[in-house]
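Written out below as structure tokens is the structure these notes cover.
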Amino acid sequence: MTFFETIKKFDPEDIEKSIGKMSFVEVKRALAKNKLNELDLMALLSTAAQDHLEEMAQKARSLTVQYFGRTVSLYAPLYISNHCINECIYCGFNRSHTITRKLLTHEEIEREARFLNAQGIRHILLLTGEAHKITPLEMLSDVIKLLRKYFPSVSIEVYPMDTEDYRILKKAGVDGITVYQEVYDTSIYDKVHPAGRKKNYKYRLETPERAAKAGLRYINIGTLFGLAPVRSEAFLCALHAKYLENRYLDTEISLSIPRIRNIPGGYSPDFLLSDRLFVQILLAYRLFLPRSGITVSTRETSDFRDNLLNLGVTRFSAGSHTEVGGYTEDEQSVPQFEISDSRSVEEIVRVIREKGLQPIFKDWEDISQ
Amino acid sequence: MESGLILGGKSFTNRLFTGTGKFRSKKLISKMLEASGSEMITIALRRVDLTSKEENILEYIPDNVTLLPNTSGARTAGEAVRIANIAREAGCGNFIKIEIITDMKYLMPDNEETLNATRLLAEDGFIVLPYINPDLPLAKKLEEAGAAAIMPLGSAIGSNRGIRTRELIEILIDCCSVPIIVDAGIGKPSHAAAAMEMGADAVLVNTAISAAHDPVRMGEAFSYAVKAGRMAFLAKLTEESKEANASSPLTGFLR
């Protein structure tokens with residue numbers, strides 16, 4: 001069964017109801033188990049589990065130490081274009097927004113790369129909006145080759161592609177992708193994506209699989225919290241990760257927990273994800289998927305991020321800018337989202353060490369050639 | 001006094017091999033090596049950053065400890081060979097632990113690709129230590145291909161579940177002529193001691209040391225366990241029996 005078929009079986013409203021019915025008995029049962037099933041996941045996402053956060057946290061921490069050690073990997077995002085054909089109502093790059101659009105030249109990209117490399121960054125996430133004419137495959141391929149001179153690992157968060165395209169980018173040196181479904185609830189997905197290629201739910205849902213089939217070794221998925229009821233979204237996203245993990249054994253699957261913050265253009269989310277529930281979801285992900293990576297970006301405030309470090313986070317962005325040319329350009333463009341942790345790489349490294357963890361800058365070596 | 005374990009022409013007195021992964025600070029690696037006396041340490045080439053002095057893990061390993069670079073990240077024999085060559089060029093020596101993993105969930109080694117990589121690397125002059133799922137026919141082929149030792153897993157990497165593959169490893173110990181080094185799954189010193197009592201030539205322990213609350217002391221604890229287990233093996237353990245066996249036999253007076 002494909003994951004699209006699985007999703008069709010679930011009605012998000014029913015999921016919310018089932019999660020709502022979970023009691024502390026189910027939560028206790030889930031906490032006592034080593035291998036959790038879908039019902040256990042529901043229990044851990046329920047309001048009944050709120051009273052057991054500390055127990056969940058202790059277990060999450062020891063699982064993380066066992067599988068990932070006392071380490072946190074670091075990466076930085078690099079935006080090269082904010083041109084976009086989509087109209088995602090929650091995004092700063094929405095084509096109907098009258099913001100200054102910018103595409104970095106090779107020289108500018110290289111300047112950004114040199115800057116990040118000097119900060120110690122070795123893993124990079126290359127980002128663009130979705131604009132096939134402005135950032136076509138060939139151009140991305142060239143940029144990736146350029147970036148590989150500075151970074152042993154380059155991941156992309158651009159736009160969904162066919163398997164063949166991913167193969168081309170893999171050859172150029174990409175080893176991972178980040179692609180968020182944004183929202184798993186199909187009817188809300190349709191509403192918040194009024195136009196553009198992104199309207200195709202199924203094509204987006206199956207993007208991680210096309211990347212896995214092309215041999216990319218690292219895939220990061222997520223749902224953008226704020227657009228739909230939170231618990232059912234977390235549930236479906238975790239199932240998606242599990243599905244990918246079981247089907248593509250040679251691919252590392254990881255999860256992000258992005259939530260909508262202040263976005264230029266003023267979108268205010270219908271379903272706020274509180275700090276408490278954020279932590280509960282993170283812990284539920286860790287307990288349900290002990291081997292999956294969990295990424296936290298600088299969307300979150302520095303205090304909150306620091307406290308998450310001992311709860312199961314395995315990957316941290318550092319010294320981030322979400323504007324095109326944000327690291328070295330004088331004239332700054334509008335960011336995709338406001339960052340809440342503007343500390344330098346050095347400062348973040350210091351905090352990680354203080355928490356008793358080793359920051360890992362490099363965790364990959366080019367073996368593709 | 002027994003002579004040391006010989007691998008690639010080098011003699012190792014301490015039969016506890018360690019790893020560099022998962023420590024909360026790289027500085028702890030040198031302290032752990034000192035406390036445990038471990039003479040060989042494995043290191044994932046993917047984590048070596050030669051461009052940064054502070055971040056270069058090699059700076060934290062004293063010269064008297066032999067490096068065992070591993071091919072973590074490789075999914076095919078070809079990739080393992082490439083990693084081995086990069087490691088050698090980077091000055092990590094001739095030892096190589098082949099680790100080819102195509103399953104990110106249980107991290108099981110791909111025996112077939114491992115055999116192919118062993119052939120290629122042994123031919124190229126590397127001292128090859130393949131990490132495998134314990135399997136006798138494969139182990140014999142690895143010997144023939146030039147493996148310097150064989151590293152069967154006790155249980156899944158990082159699982160701390162102990163020697164779950166005991167009977168299969170015993171077969172390797174019985175039938176192989178190259179040293180058997182139990183790698184992966186050893187979660188506590190008693191597991192390491194058990195492996196050595198079985199007759200393993202050495203053990204490799206990473207997570208159980210590096211993720212411990214006090215990795216330095218844990219390294220030392222493992223070192224004692226490995227020595228005790230080895231000594232017990234050499235002293236020839238008595239057989240286990242379900243029934244009691246009087247330590248002063250009743251028929252002892254008969255001559």
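Following the order of the structure tokens, first chain is A, next is B, and so on, with residues numbered from 1 inside each chain and ligands from 1 in the order they appear.
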Hey, list the chain B side of the contact with chain A: 7 Å cut-off, only C-alpha atoms, answer as an mmCIF file with N, CA, C and O atoms, in the first residue's frame.
```
data_model
loop_
_atom_site.group_PDB
_atom_site.id
_atom_site.type_symbol
_atom_site.label_atom_id
_atom_site.label_comp_id
_atom_site.auth_asym_id
_atom_site.auth_seq_id
_atom_site.Cartn_x
_atom_site.Cartn_y
_atom_site.Cartn_z
ATOM 1 N N LYS B 22 30.063 9.299 19.535
ATOM 2 C CA LYS B 22 29.069 9.520 20.588
ATOM 3 C C LYS B 22 29.575 10.131 21.903
ATOM 4 O O LYS B 22 28.831 10.203 22.872
ATOM 5 N N PHE B 23 30.838 10.534 21.976
ATOM 6 C CA PHE B 23 31.321 11.172 23.207
ATOM 7 C C PHE B 23 30.749 12.575 23.350
ATOM 8 O O PHE B 23 30.540 13.259 22.355
ATOM 9 N N ARG B 24 30.554 13.040 24.595
ATOM 10 C CA ARG B 24 30.028 14.388 24.756
ATOM 11 C C ARG B 24 31.104 15.443 24.488
ATOM 12 O O ARG B 24 30.787 16.604 24.245
ATOM 13 N N SER B 25 32.361 15.021 24.520
ATOM 14 C CA SER B 25 33.433 15.951 24.192
ATOM 15 C C SER B 25 34.608 15.131 23.657
ATOM 16 O O SER B 25 34.903 14.053 24.168
ATOM 17 N N ARG B 46 34.084 9.718 7.837
ATOM 18 C CA ARG B 46 33.128 10.792 7.532
ATOM 19 C C ARG B 46 33.154 11.900 8.575
ATOM 20 O O ARG B 46 32.747 13.012 8.311
ATOM 21 N N ARG B 47 33.654 11.562 9.780
ATOM 22 C CA ARG B 47 33.700 12.582 10.840
ATOM 23 C C ARG B 47 35.047 13.292 10.920
ATOM 24 O O ARG B 47 35.218 14.201 11.718
ATOM 25 N N ASP B 49 37.680 15.847 10.015
ATOM 26 C CA ASP B 49 37.768 17.116 9.295
ATOM 27 C C ASP B 49 39.199 17.617 9.369
ATOM 28 O O ASP B 49 39.623 18.195 10.357
ATOM 29 N N GLU B 79 32.060 2.136 -2.627
ATOM 30 C CA GLU B 79 32.133 3.280 -1.708
ATOM 31 C C GLU B 79 33.098 2.995 -0.564
ATOM 32 O O GLU B 79 33.855 3.871 -0.135
ATOM 33 N N ARG B 82 36.577 3.530 -1.757
ATOM 34 C CA ARG B 82 36.885 4.957 -1.875
ATOM 35 C C ARG B 82 37.209 5.553 -0.490
ATOM 36 O O ARG B 82 38.167 6.284 -0.319
ATOM 37 N N ILE B 83 36.383 5.194 0.502
ATOM 38 C CA ILE B 83 36.623 5.718 1.849
ATOM 39 C C ILE B 83 37.982 5.246 2.369
ATOM 40 O O ILE B 83 38.753 6.019 2.938
ATOM 41 N N THR B 102 23.339 -1.047 4.611
ATOM 42 C CA THR B 102 22.312 -0.567 3.684
ATOM 43 C C THR B 102 20.958 -0.499 4.382
ATOM 44 O O THR B 102 19.936 -0.318 3.746
ATOM 45 N N ASP B 103 20.981 -0.663 5.684
ATOM 46 C CA ASP B 103 19.726 -0.631 6.426
ATOM 47 C C ASP B 103 19.905 0.287 7.630
ATOM 48 O O ASP B 103 20.700 0.009 8.520
ATOM 49 N N MET B 104 19.236 1.422 7.588
ATOM 50 C CA MET B 104 19.444 2.449 8.603
ATOM 51 C C MET B 104 18.654 2.180 9.875
ATOM 52 O O MET B 104 18.754 2.912 10.842
ATOM 53 N N LYS B 105 17.848 1.130 9.860
ATOM 54 C CA LYS B 105 17.005 0.876 11.019
ATOM 55 C C LYS B 105 17.708 -0.050 12.011
ATOM 56 O O LYS B 105 17.807 0.250 13.185
ATOM 57 N N GLY B 158 25.039 -0.303 18.774
ATOM 58 C CA GLY B 158 24.475 0.646 19.729
ATOM 59 C C GLY B 158 23.304 0.108 20.535
ATOM 60 O O GLY B 158 22.702 0.834 21.306
ATOM 61 N N ALA B 211 28.757 6.621 25.645
ATOM 62 C CA ALA B 211 27.474 7.168 26.096
ATOM 63 C C ALA B 211 27.270 7.000 27.600
ATOM 64 O O ALA B 211 26.255 7.417 28.143
#
```
Test item, helix (DSSP H, G or I) assignment across stretch 143-245 of chain B, answer as a ChimeraX atom specification: /B:143-145,166-175,189-198,207-210,215-234
Could you tell me how far atom CA of A:Ala212 sits from atom CA of A:Thr314, in Å to one decimal place? 20.9 Å
Give me the residues near A:His240 as a PyMOL selection string, where near means some atom within 9 Å (using only C-alpha atoms) and where sequence neighbours in that chain fewer than 6 positions away do not count. chain A and resi 3+7+221
Show which residues sit within 12 Å of B:Ala35, as a PDB file with C-alpha atoms, in the first residue's frame. Count only C-alpha atoms, and ignore same-chain residues fewer than 2 positions away.
```
ATOM      1  CA  ASN B  14      45.313  -4.812  25.364  1.00  0.00           C
ATOM      2  CA  LEU B  16      39.869  -3.948  24.251  1.00  0.00           C
ATOM      3  CA  THR B  18      37.407   1.255  21.362  1.00  0.00           C
ATOM      4  CA  LEU B  28      37.212  12.625  26.759  1.00  0.00           C
ATOM      5  CA  ILE B  29      38.531  10.341  24.027  1.00  0.00           C
ATOM      6  CA  SER B  30      42.174  10.846  25.055  1.00  0.00           C
ATOM      7  CA  LYS B  31      41.300  10.446  28.739  1.00  0.00           C
ATOM      8  CA  MET B  32      39.341   7.260  28.048  1.00  0.00           C
ATOM      9  CA  LEU B  33      42.245   5.842  26.023  1.00  0.00           C
ATOM     10  CA  GLY B  37      44.862   1.313  27.961  1.00  0.00           C
ATOM     11  CA  SER B  38      43.118   0.543  24.668  1.00  0.00           C
ATOM     12  CA  GLU B  39      45.686   0.359  21.872  1.00  0.00           C
ATOM     13  CA  ILE B 209      31.747   3.512  26.865  1.00  0.00           C
ATOM     14  CA  ASP B 214      31.523   8.555  33.074  1.00  0.00           C
ATOM     15  CA  PRO B 215      33.166   7.273  29.873  1.00  0.00           C
ATOM     16  CA  VAL B 216      36.679   7.381  31.330  1.00  0.00           C
ATOM     17  CA  ARG B 217      35.866   5.117  34.245  1.00  0.00           C
ATOM     18  CA  MET B 218      33.701   2.905  32.017  1.00  0.00           C
ATOM     19  CA  GLY B 219      36.634   2.460  29.642  1.00  0.00           C
ATOM     20  CA  GLU B 220      38.729   1.276  32.558  1.00  0.00           C
ATOM     21  CA  ALA B 221      35.957  -1.073  33.709  1.00  0.00           C
ATOM     22  CA  PHE B 222      35.795  -2.637  30.249  1.00  0.00           C
ATOM     23  CA  SER B 223      39.539  -3.066  30.215  1.00  0.00           C
ATOM     24  CA  TYR B 224      39.412  -5.098  33.430  1.00  0.00           C
TER      25      TYR B 224
END
```
Using only C-alpha atoms for the distances, tell me which of B:Leu250, B:Ser210, B:Pro189, B:Asn111 is nearest to B:Gly229.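 Nearest to B:Gly229: B:Pro189.
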